[in-house]
Amino acid sequence: MLKKVALLVGATALLVAGNVKLDLNAKYGANNFHTKGAEKFASLVSKYTNGSVKITVHAGSSLVKGNPLKAVKDGTAPMTDMFIPFTSGGGKVFGISALPFVASSYDDAYKLYQISKPAYAMVAKKWNQKMLYAVTWPPSGIYTMKAVNSTKDFADVKARTYDKNSANFVKMAGGNAVALPWGEVYSALQTGMVNGVVTSSASGKDGKLWEVLKNFTKIGYAYPLQAVTINLDYWNSLDKDQQSAMLKAAKEIEAMQWEESKKEDAVALKMLADNGMKVSEPSAALKSELDAIGKKLLNEYLKDASSDIKKIFAEYK
């Protein structure tokens, strides 16, 4: 007997005699390491389900132009990846990984992610989806035209930021924050609308920021997460073996991609430097000033946080 699954407009998810075809929206281009990870995940799922589950990855947000959380909730896309801190609807929980200077290493970031997993799962469920895996970006730094050696140097900085936390950070450092979609950043730098960017080495590499900026300061601002989710209706339509196989693939790709993030950081930093960008560690003075800002922002974040979120940070500390 054929298993029945509702076909939803705008996406392909066809289940016939136990065979499933799913579309996965990938936010970034085909060469981005997160997109490559999604492709590897799709390959593993096919392998572990003996071909009964086929996932097609659509790079460059070609499947979803708007909010990915809402798109998966509504079934516009059966699956998506999403930059968690920038995803509207995720509330304070989705902001955890992007809090400044909370994690100071990949090990710290992974520990915080593990402690936060149940909270992420609850938000995903609220939006009718299941989080399959999440991977950190390389640590965010700041790209500027002029060198930044102390917060005094932020006075002339107009930086593109990616969420409320990073915007508040730039403002508290003495600069101006500008919210822009990533696709508009390069042209905004060319026109002078912005003259700085808070983002990772990987994004700087992909965006060829050395063509429009001269400095990348490795302030280790945050280790924000990129996650892959699936609509719960589609998830529940899978049989137990298919679900187990998908979770096995997710576990493997998550471990693989966290290591890939470290490699991507090294490759990207070298490419930035090779193309003439000055890559530097923050001065002791700047680091001290930014740490103080980070503590203020964390305290502000926790003021009206739920007890569950406060427990996450209590355990993390």
# chains A, B, ... in the order shown; residues from 1 in each chain; ligands from 1
call {"tool": "residues_around", "arguments": {"residues": "Asn19 (chain A)", "least_positions_apart": "5", "cutoff": "9 Å", "atoms": "only C-alpha atoms", "output": "ChimeraX atom specification"}}
result
/A:14,51-54
call {"tool": "closest_atom_pairs", "arguments": {"of": "region 73-185 of chain A", "to": "region 268-277 of chain A", "cutoff": "12 Å", "atoms": "only C-alpha atoms", "output": "tab-separated table"}}
result
residue	atom	partner	partner_atom	distance
A:Trp137	CA	A:Ala268	CA	11.8
A:Pro138	CA	A:Ala268	CA	9.4
A:Pro139	CA	A:Leu269	CA	11.2
A:Ser140	CA	A:Leu269	CA	11.9
A:Gly141	CA	A:Leu269	CA	11.0
A:Tyr143	CA	A:Met277	CA	9.5
A:Thr144	CA	A:Met277	CA	10.1
A:Met145	CA	A:Met277	CA	9.8
A:Lys146	CA	A:Met277	CA	11.2
A:Ala147	CA	A:Met277	CA	10.9
call {"tool": "closest_residue", "arguments": {"among": "A:Ser307, A:Thr199, A:Asn231, A:Ser237", "to": "Lys126 (chain A)", "atoms": "only C-alpha atoms"}}
result
A:Asn231
call {"tool": "residues_around", "arguments": {"residues": "Thr35 (chain A)", "least_positions_apart": "6", "cutoff": "12 Å", "atoms": "only C-alpha atoms", "output": "JSON, numbers by chain"}}
result
{"A": [24, 25, 26, 27, 28, 29, 41, 42, 56, 57, 58, 59, 60, 61, 80, 81, 82, 83, 135, 226, 227, 228, 253, 257, 260]}
call {"tool": "closest_atom_pairs", "arguments": {"of": "region 183-273 of chain A", "to": "region 109-121 of chain A", "cutoff": "10 Å", "atoms": "only C-alpha atoms", "output": "tab-separated table"}}
result
residue	atom	partner	partner_atom	distance
A:Ala222	CA	A:Ala109	CA	8.4
A:Tyr223	CA	A:Ala109	CA	6.2
A:Pro224	CA	A:Ala109	CA	8.5
A:Leu225	CA	A:Tyr113	CA	8.5
A:Ala227	CA	A:Tyr120	CA	9.8
A:Thr229	CA	A:Ala121	CA	9.9
A:Trp258	CA	A:Tyr110	CA	8.6
call {"tool": "atom_distance", "arguments": {"atom1": "CA of Phe169 (chain A)", "atom2": "CA of Leu298 (chain A)"}}
result
10.7 Å
call {"tool": "select_by_dssp", "arguments": {"residues": "region 42-275 of chain A", "states": "alpha helix (DSSP H)", "output": "compact mmCIF listing (two decimals) with N, CA and C atoms, in the first residue's frame"}}
result
# COMPACT_ATOMS: atom_id res chain seq x y z
N ALA A 42 23.35 15.03 1.88
CA ALA A 42 22.40 14.42 0.95
C ALA A 42 22.94 13.10 0.42
N SER A 43 24.24 13.07 0.14
CA SER A 43 24.87 11.85 -0.37
C SER A 43 24.84 10.74 0.69
N LEU A 44 25.14 11.10 1.94
CA LEU A 44 25.11 10.11 3.02
C LEU A 44 23.71 9.58 3.26
N VAL A 45 22.72 10.47 3.20
CA VAL A 45 21.33 10.03 3.40
C VAL A 45 20.94 9.02 2.33
N SER A 46 21.30 9.31 1.10
CA SER A 46 21.01 8.37 0.01
C SER A 46 21.69 7.03 0.25
N LYS A 47 22.94 7.09 0.70
CA LYS A 47 23.70 5.86 0.96
C LYS A 47 23.07 5.04 2.08
N TYR A 48 22.75 5.70 3.20
CA TYR A 48 22.27 4.97 4.38
C TYR A 48 20.81 4.53 4.26
N PRO A 68 13.61 31.50 6.04
CA PRO A 68 13.68 30.05 5.89
C PRO A 68 12.91 29.29 6.98
N LEU A 69 12.84 29.86 8.18
CA LEU A 69 12.10 29.21 9.26
C LEU A 69 10.62 29.09 8.90
N LYS A 70 10.08 30.18 8.37
CA LYS A 70 8.66 30.20 7.97
C LYS A 70 8.43 29.32 6.75
N ALA A 71 9.39 29.31 5.83
CA ALA A 71 9.23 28.51 4.61
C ALA A 71 9.13 27.02 4.92
N VAL A 72 9.93 26.56 5.87
CA VAL A 72 9.87 25.13 6.24
C VAL A 72 8.62 24.86 7.06
N LYS A 73 8.24 25.79 7.91
CA LYS A 73 7.01 25.63 8.69
C LYS A 73 5.82 25.44 7.76
N ASP A 74 5.75 26.28 6.74
CA ASP A 74 4.62 26.23 5.81
C ASP A 74 4.75 25.12 4.77
N GLY A 91 13.83 34.07 18.17
CA GLY A 91 13.85 34.69 19.50
C GLY A 91 15.23 34.71 20.13
N LYS A 92 15.25 34.82 21.45
CA LYS A 92 16.52 34.93 22.18
C LYS A 92 17.36 33.66 22.05
N VAL A 93 16.70 32.52 21.90
CA VAL A 93 17.43 31.26 21.80
C VAL A 93 18.36 31.26 20.58
N PHE A 94 17.83 31.71 19.44
CA PHE A 94 18.64 31.70 18.22
C PHE A 94 19.78 32.71 18.28
N TYR A 106 36.93 27.10 19.24
CA TYR A 106 36.01 26.10 18.68
C TYR A 106 35.50 25.16 19.76
N ASP A 107 36.35 24.80 20.70
CA ASP A 107 35.93 23.91 21.79
C ASP A 107 34.85 24.57 22.63
N ASP A 108 35.03 25.85 22.94
CA ASP A 108 34.02 26.59 23.68
C ASP A 108 32.71 26.63 22.91
N ALA A 109 32.80 26.93 21.63
CA ALA A 109 31.61 27.05 20.79
C ALA A 109 30.85 25.73 20.73
N TYR A 110 31.59 24.62 20.64
CA TYR A 110 30.95 23.31 20.57
C TYR A 110 30.27 22.97 21.90
N LYS A 111 30.92 23.31 22.99
CA LYS A 111 30.34 23.06 24.31
C LYS A 111 29.04 23.84 24.47
N LEU A 112 29.06 25.12 24.08
CA LEU A 112 27.86 25.95 24.18
C LEU A 112 26.74 25.40 23.30
N TYR A 113 27.09 24.93 22.12
CA TYR A 113 26.10 24.34 21.22
C TYR A 113 25.46 23.10 21.83
N GLN A 114 26.27 22.22 22.41
CA GLN A 114 25.73 21.01 23.01
C GLN A 114 24.76 21.32 24.14
N ILE A 115 25.11 22.30 24.97
CA ILE A 115 24.24 22.68 26.09
C ILE A 115 22.95 23.32 25.58
N SER A 116 23.05 24.03 24.46
CA SER A 116 21.91 24.77 23.91
C SER A 116 20.99 23.91 23.05
N LYS A 117 21.43 22.72 22.67
CA LYS A 117 20.67 21.89 21.73
C LYS A 117 19.19 21.72 22.09
N PRO A 118 18.87 21.37 23.35
CA PRO A 118 17.45 21.20 23.69
C PRO A 118 16.62 22.46 23.44
N ALA A 119 17.22 23.62 23.71
CA ALA A 119 16.51 24.88 23.49
C ALA A 119 16.28 25.12 22.00
N TYR A 120 17.30 24.81 21.18
CA TYR A 120 17.14 24.94 19.73
C TYR A 120 16.04 24.00 19.23
N ALA A 121 16.03 22.79 19.76
CA ALA A 121 15.04 21.79 19.34
C ALA A 121 13.62 22.25 19.65
N MET A 122 13.44 22.92 20.80
CA MET A 122 12.11 23.40 21.19
C MET A 122 11.63 24.50 20.26
N VAL A 123 12.54 25.41 19.89
CA VAL A 123 12.16 26.48 18.96
C VAL A 123 11.81 25.90 17.59
N ALA A 124 12.62 24.95 17.13
CA ALA A 124 12.35 24.31 15.84
C ALA A 124 10.98 23.62 15.85
N LYS A 125 10.67 22.93 16.95
CA LYS A 125 9.38 22.23 17.05
C LYS A 125 8.22 23.22 17.01
N LYS A 126 8.42 24.35 17.67
CA LYS A 126 7.40 25.41 17.65
C LYS A 126 7.10 25.85 16.22
N LYS A 164 21.01 41.72 15.89
CA LYS A 164 20.89 42.76 16.91
C LYS A 164 22.14 42.81 17.80
N ASN A 165 22.66 41.63 18.16
CA ASN A 165 23.85 41.59 19.02
C ASN A 165 25.03 42.31 18.38
N SER A 166 25.32 41.98 17.12
CA SER A 166 26.48 42.58 16.46
C SER A 166 26.26 44.08 16.22
N ALA A 167 25.01 44.49 15.99
CA ALA A 167 24.71 45.90 15.82
C ALA A 167 24.97 46.66 17.12
N ASN A 168 24.50 46.11 18.24
CA ASN A 168 24.72 46.74 19.54
C ASN A 168 26.21 46.80 19.88
N PHE A 169 26.92 45.73 19.50
CA PHE A 169 28.36 45.68 19.76
C PHE A 169 29.09 46.83 19.05
N VAL A 170 28.79 47.01 17.77
CA VAL A 170 29.45 48.07 17.00
C VAL A 170 29.11 49.45 17.57
N LYS A 171 27.84 49.64 17.94
CA LYS A 171 27.42 50.92 18.51
C LYS A 171 28.13 51.20 19.83
N MET A 172 28.22 50.16 20.69
CA MET A 172 28.87 50.34 21.98
C MET A 172 30.38 50.56 21.84
N VAL A 185 26.16 43.77 0.32
CA VAL A 185 27.31 44.27 1.07
C VAL A 185 28.42 44.81 0.16
N TYR A 186 28.78 44.04 -0.86
CA TYR A 186 29.90 44.45 -1.73
C TYR A 186 29.62 45.80 -2.38
N SER A 187 28.43 45.96 -2.94
CA SER A 187 28.10 47.23 -3.61
C SER A 187 28.04 48.38 -2.61
N ALA A 188 27.58 48.08 -1.37
CA ALA A 188 27.52 49.11 -0.33
C ALA A 188 28.92 49.55 0.07
N LEU A 189 29.87 48.63 0.05
CA LEU A 189 31.26 48.97 0.32
C LEU A 189 31.85 49.81 -0.81
N GLN A 190 31.48 49.48 -2.03
CA GLN A 190 31.98 50.23 -3.18
C GLN A 190 31.51 51.68 -3.16
N THR A 191 30.26 51.89 -2.75
CA THR A 191 29.67 53.23 -2.76
C THR A 191 29.98 54.02 -1.49
N SER A 201 36.08 34.93 8.35
CA SER A 201 37.11 34.86 7.31
C SER A 201 36.54 34.20 6.05
N ALA A 202 35.67 33.20 6.25
CA ALA A 202 35.09 32.47 5.12
C ALA A 202 34.22 33.39 4.26
N SER A 203 33.40 34.22 4.90
CA SER A 203 32.55 35.13 4.15
C SER A 203 33.39 36.19 3.44
N GLY A 204 34.46 36.62 4.12
CA GLY A 204 35.36 37.59 3.49
C GLY A 204 36.01 37.02 2.25
N LYS A 205 36.37 35.74 2.32
CA LYS A 205 36.96 35.04 1.17
C LYS A 205 35.94 34.93 0.04
N ASP A 206 34.75 34.43 0.38
CA ASP A 206 33.72 34.24 -0.64
C ASP A 206 33.29 35.57 -1.26
N LEU A 232 8.37 18.97 10.01
CA LEU A 232 7.97 17.81 10.82
C LEU A 232 6.98 16.89 10.10
N ASP A 233 6.13 17.46 9.24
CA ASP A 233 5.20 16.61 8.50
C ASP A 233 5.95 15.66 7.58
N TYR A 234 6.98 16.19 6.92
CA TYR A 234 7.80 15.34 6.05
C TYR A 234 8.60 14.35 6.90
N TRP A 235 9.13 14.83 8.01
CA TRP A 235 9.91 13.95 8.89
C TRP A 235 9.06 12.78 9.38
N ASN A 236 7.84 13.08 9.81
CA ASN A 236 6.96 12.04 10.34
C ASN A 236 6.46 11.09 9.26
N SER A 237 6.56 11.49 8.01
CA SER A 237 6.14 10.61 6.91
C SER A 237 7.19 9.53 6.61
N LYS A 240 10.72 4.46 10.24
CA LYS A 240 11.72 4.50 11.32
C LYS A 240 13.14 4.28 10.79
N ASP A 241 13.29 3.38 9.84
CA ASP A 241 14.62 3.11 9.29
C ASP A 241 15.17 4.34 8.55
N GLN A 242 14.30 5.01 7.82
CA GLN A 242 14.72 6.20 7.09
C GLN A 242 15.10 7.33 8.06
N GLN A 243 14.32 7.48 9.11
CA GLN A 243 14.64 8.49 10.12
C GLN A 243 15.98 8.20 10.79
N SER A 244 16.19 6.94 11.15
CA SER A 244 17.45 6.55 11.80
C SER A 244 18.64 6.80 10.87
N ALA A 245 18.45 6.49 9.60
CA ALA A 245 19.52 6.70 8.61
C ALA A 245 19.83 8.18 8.46
N MET A 246 18.80 9.02 8.45
CA MET A 246 19.01 10.45 8.30
C MET A 246 19.72 11.02 9.53
N LEU A 247 19.36 10.55 10.71
CA LEU A 247 20.02 11.02 11.93
C LEU A 247 21.48 10.56 11.98
N LYS A 248 21.73 9.36 11.49
CA LYS A 248 23.11 8.87 11.41
C LYS A 248 23.94 9.76 10.49
N ALA A 249 23.37 10.09 9.33
CA ALA A 249 24.06 10.96 8.38
C ALA A 249 24.29 12.34 8.98
N ALA A 250 23.28 12.86 9.70
CA ALA A 250 23.38 14.18 10.31
C ALA A 250 24.49 14.23 11.36
N LYS A 251 24.57 13.18 12.16
CA LYS A 251 25.60 13.12 13.21
C LYS A 251 27.00 13.11 12.59
N GLU A 252 27.15 12.33 11.54
CA GLU A 252 28.46 12.23 10.87
C GLU A 252 28.84 13.54 10.19
N ILE A 253 27.88 14.15 9.50
CA ILE A 253 28.20 15.37 8.75
C ILE A 253 28.46 16.52 9.71
N GLU A 254 27.77 16.53 10.84
CA GLU A 254 28.01 17.59 11.82
C GLU A 254 29.45 17.53 12.33
N ALA A 255 29.90 16.34 12.71
CA ALA A 255 31.28 16.18 13.19
C ALA A 255 32.28 16.56 12.10
N MET A 256 31.99 16.12 10.89
CA MET A 256 32.87 16.39 9.75
C MET A 256 32.94 17.89 9.45
N GLN A 257 31.79 18.55 9.50
CA GLN A 257 31.73 19.96 9.14
C GLN A 257 32.31 20.89 10.21
N TRP A 258 32.27 20.48 11.47
CA TRP A 258 32.94 21.30 12.49
C TRP A 258 34.45 21.31 12.24
N GLU A 259 34.98 20.17 11.82
CA GLU A 259 36.41 20.14 11.47
C GLU A 259 36.66 20.92 10.17
N GLU A 260 35.71 20.84 9.25
CA GLU A 260 35.83 21.56 7.99
C GLU A 260 35.83 23.07 8.22
N SER A 261 35.08 23.51 9.22
CA SER A 261 35.05 24.93 9.56
C SER A 261 36.44 25.43 9.96
N LYS A 262 37.15 24.62 10.73
CA LYS A 262 38.51 24.99 11.13
C LYS A 262 39.43 25.09 9.90
N LYS A 263 39.29 24.12 9.00
CA LYS A 263 40.10 24.13 7.78
C LYS A 263 39.75 25.34 6.92
N GLU A 264 38.45 25.63 6.83
CA GLU A 264 37.99 26.75 6.02
C GLU A 264 38.56 28.06 6.56
N ASP A 265 38.62 28.18 7.88
CA ASP A 265 39.18 29.39 8.49
C ASP A 265 40.64 29.58 8.07
N ALA A 266 41.42 28.51 8.15
CA ALA A 266 42.84 28.59 7.78
C ALA A 266 43.01 28.94 6.31
N VAL A 267 42.24 28.30 5.45
CA VAL A 267 42.31 28.57 4.00
C VAL A 267 41.90 30.00 3.71
N ALA A 268 40.82 30.45 4.34
CA ALA A 268 40.31 31.79 4.08
C ALA A 268 41.28 32.87 4.56
N LEU A 269 41.86 32.69 5.74
CA LEU A 269 42.82 33.67 6.27
C LEU A 269 44.03 33.80 5.34
N LYS A 270 44.48 32.67 4.82
CA LYS A 270 45.62 32.69 3.90
C LYS A 270 45.25 33.41 2.60
N MET A 271 44.04 33.15 2.11
CA MET A 271 43.62 33.79 0.87
C MET A 271 43.47 35.30 1.05
N LEU A 272 42.95 35.72 2.21
CA LEU A 272 42.84 37.15 2.48
C LEU A 272 44.22 37.80 2.44
N ALA A 273 45.16 37.18 3.15
CA ALA A 273 46.53 37.72 3.21
C ALA A 273 47.21 37.69 1.84
N ASP A 274 47.03 36.59 1.11
CA ASP A 274 47.65 36.45 -0.21
C ASP A 274 47.15 37.50 -1.19
call {"tool": "closest_residue", "arguments": {"among": "A:Met131, A:Leu99, A:Leu63, A:Leu22", "to": "Asn299 (chain A)", "atoms": "only C-alpha atoms"}}
result
A:Leu99
call {"tool": "closest_atom_pairs", "arguments": {"of": "region 83-184 of chain A", "to": "region 283-293 of chain A", "cutoff": "10 Å", "atoms": "only C-alpha atoms", "output": "tab-separated table"}}
result
residue	atom	partner	partner_atom	distance
A:Pro100	CA	A:Asp291	CA	8.3
A:Phe101	CA	A:Asp291	CA	6.5
A:Val102	CA	A:Asp291	CA	9.1
A:Val148	CA	A:Leu286	CA	8.1
A:Asn149	CA	A:Leu286	CA	5.8
A:Ser150	CA	A:Leu286	CA	4.4
A:Thr151	CA	A:Leu286	CA	6.4
A:Lys152	CA	A:Leu286	CA	9.3
A:Asp153	CA	A:Leu286	CA	9.7
A:Asn168	CA	A:Ile293	CA	9.4
A:Phe169	CA	A:Ile293	CA	6.9
A:Val170	CA	A:Ile293	CA	9.6
A:Met172	CA	A:Ile293	CA	6.9
A:Ala173	CA	A:Ile293	CA	7.4
call {"tool": "write_last_selection", "arguments": {"atoms": "C-alpha atoms", "output": "mmCIF file, in the first residue's frame"}}
result
data_model
loop_
_atom_site.group_PDB
_atom_site.id
_atom_site.type_symbol
_atom_site.label_atom_id
_atom_site.label_comp_id
_atom_site.auth_asym_id
_atom_site.auth_seq_id
_atom_site.Cartn_x
_atom_site.Cartn_y
_atom_site.Cartn_z
ATOM 1 C CA PRO A 100 29.982 38.450 21.560
ATOM 2 C CA PHE A 101 33.054 36.940 23.221
ATOM 3 C CA VAL A 102 31.104 34.228 25.055
ATOM 4 C CA VAL A 148 41.481 49.151 14.358
ATOM 5 C CA ASN A 149 43.731 49.214 17.431
ATOM 6 C CA SER A 150 41.286 50.511 20.048
ATOM 7 C CA THR A 151 37.628 51.459 20.287
ATOM 8 C CA LYS A 152 38.652 55.030 19.412
ATOM 9 C CA ASP A 153 39.240 53.747 15.878
ATOM 10 C CA ASN A 168 24.724 46.742 19.541
ATOM 11 C CA PHE A 169 28.362 45.685 19.763
ATOM 12 C CA VAL A 170 29.451 48.069 16.996
ATOM 13 C CA MET A 172 28.871 50.341 21.980
ATOM 14 C CA ALA A 173 32.367 50.287 20.481
#
call {"tool": "closest_residue", "arguments": {"among": "A:Gly18, A:Pro78, A:Gly66, A:Gly192", "to": "Asn128 (chain A)", "atoms": "only C-alpha atoms"}}
result
A:Pro78
call {"tool": "atom_distance", "arguments": {"atom1": "CA of Lys21 (chain A)", "atom2": "CA of Ser62 (chain A)"}}
result
17.4 Å
call {"tool": "residues_around", "arguments": {"residues": "Leu180 (chain A)", "least_positions_apart": "6", "cutoff": "10 Å", "atoms": "only C-alpha atoms", "output": "list in words"}}
result
Ala159, Arg160, Thr161, Tyr162, Asp163, Ala188 and Val194 of chain A
call {"tool": "atom_distance", "arguments": {"atom1": "CA of Ile219 (chain A)", "atom2": "CA of Ala30 (chain A)"}}
result
27.8 Å
call {"tool": "select_by_dssp", "arguments": {"residues": "region 103-266 of chain A", "states": "strand (DSSP E)", "output": "ChimeraX atom specification"}}
result
/A:129-136,140-144,158-161,176-179,196-200,215-217,225-231
call {"tool": "decode", "arguments": {"residues": "region 199-217 of chain A", "atoms": "N, CA and C atoms", "output": "PDB file, in the first residue's frame"}}
result
ATOM      1  N   THR A 199      32.004  39.858  10.094  1.00  0.00           N
ATOM      2  CA  THR A 199      31.704  38.544   9.529  1.00  0.00           C
ATOM      3  C   THR A 199      32.945  37.663   9.635  1.00  0.00           C
ATOM      4  N   SER A 200      32.843  36.466   9.132  1.00  0.00           N
ATOM      5  CA  SER A 200      33.922  35.487   9.257  1.00  0.00           C
ATOM      6  C   SER A 200      34.967  35.618   8.162  1.00  0.00           C
ATOM      7  N   SER A 201      36.078  34.931   8.350  1.00  0.00           N
ATOM      8  CA  SER A 201      37.105  34.855   7.308  1.00  0.00           C
ATOM      9  C   SER A 201      36.536  34.202   6.055  1.00  0.00           C
ATOM     10  N   ALA A 202      35.674  33.201   6.251  1.00  0.00           N
ATOM     11  CA  ALA A 202      35.090  32.475   5.119  1.00  0.00           C
ATOM     12  C   ALA A 202      34.224  33.387   4.262  1.00  0.00           C
ATOM     13  N   SER A 203      33.401  34.216   4.904  1.00  0.00           N
ATOM     14  CA  SER A 203      32.551  35.132   4.145  1.00  0.00           C
ATOM     15  C   SER A 203      33.388  36.191   3.444  1.00  0.00           C
ATOM     16  N   GLY A 204      34.464  36.621   4.120  1.00  0.00           N
ATOM     17  CA  GLY A 204      35.360  37.587   3.487  1.00  0.00           C
ATOM     18  C   GLY A 204      36.014  37.020   2.249  1.00  0.00           C
ATOM     19  N   LYS A 205      36.373  35.736   2.325  1.00  0.00           N
ATOM     20  CA  LYS A 205      36.962  35.039   1.172  1.00  0.00           C
ATOM     21  C   LYS A 205      35.936  34.926   0.038  1.00  0.00           C
ATOM     22  N   ASP A 206      34.747  34.431   0.377  1.00  0.00           N
ATOM     23  CA  ASP A 206      33.715  34.245  -0.638  1.00  0.00           C
ATOM     24  C   ASP A 206      33.293  35.566  -1.262  1.00  0.00           C
ATOM     25  N   GLY A 207      33.314  36.642  -0.448  1.00  0.00           N
ATOM     26  CA  GLY A 207      32.880  37.942  -0.938  1.00  0.00           C
ATOM     27  C   GLY A 207      33.992  38.789  -1.535  1.00  0.00           C
ATOM     28  N   LYS A 208      35.225  38.245  -1.545  1.00  0.00           N
ATOM     29  CA  LYS A 208      36.394  38.967  -2.080  1.00  0.00           C
ATOM     30  C   LYS A 208      36.514  40.372  -1.473  1.00  0.00           C
ATOM     31  N   LEU A 209      36.415  40.423  -0.149  1.00  0.00           N
ATOM     32  CA  LEU A 209      36.413  41.724   0.516  1.00  0.00           C
ATOM     33  C   LEU A 209      37.749  42.447   0.427  1.00  0.00           C
ATOM     34  N   TRP A 210      38.825  41.738   0.045  1.00  0.00           N
ATOM     35  CA  TRP A 210      40.118  42.395  -0.130  1.00  0.00           C
ATOM     36  C   TRP A 210      40.081  43.418  -1.267  1.00  0.00           C
ATOM     37  N   GLU A 211      39.080  43.308  -2.132  1.00  0.00           N
ATOM     38  CA  GLU A 211      38.967  44.256  -3.242  1.00  0.00           C
ATOM     39  C   GLU A 211      38.439  45.622  -2.788  1.00  0.00           C
ATOM     40  N   VAL A 212      37.801  45.650  -1.614  1.00  0.00           N
ATOM     41  CA  VAL A 212      37.168  46.900  -1.160  1.00  0.00           C
ATOM     42  C   VAL A 212      37.581  47.327   0.248  1.00  0.00           C
ATOM     43  N   LEU A 213      38.274  46.464   0.980  1.00  0.00           N
ATOM     44  CA  LEU A 213      38.736  46.795   2.326  1.00  0.00           C
ATOM     45  C   LEU A 213      40.183  46.342   2.497  1.00  0.00           C
ATOM     46  N   LYS A 214      40.861  46.863   3.509  1.00  0.00           N
ATOM     47  CA  LYS A 214      42.290  46.594   3.645  1.00  0.00           C
ATOM     48  C   LYS A 214      42.676  45.780   4.879  1.00  0.00           C
ATOM     49  N   ASN A 215      41.818  45.758   5.917  1.00  0.00           N
ATOM     50  CA  ASN A 215      42.193  45.125   7.183  1.00  0.00           C
ATOM     51  C   ASN A 215      41.154  44.119   7.658  1.00  0.00           C
ATOM     52  N   PHE A 216      41.646  43.017   8.221  1.00  0.00           N
ATOM     53  CA  PHE A 216      40.777  42.066   8.917  1.00  0.00           C
ATOM     54  C   PHE A 216      41.382  41.822  10.291  1.00  0.00           C
ATOM     55  N   THR A 217      40.658  42.246  11.322  1.00  0.00           N
ATOM     56  CA  THR A 217      41.129  42.071  12.696  1.00  0.00           C
ATOM     57  C   THR A 217      40.409  40.879  13.313  1.00  0.00           C
TER      58      THR A 217
END
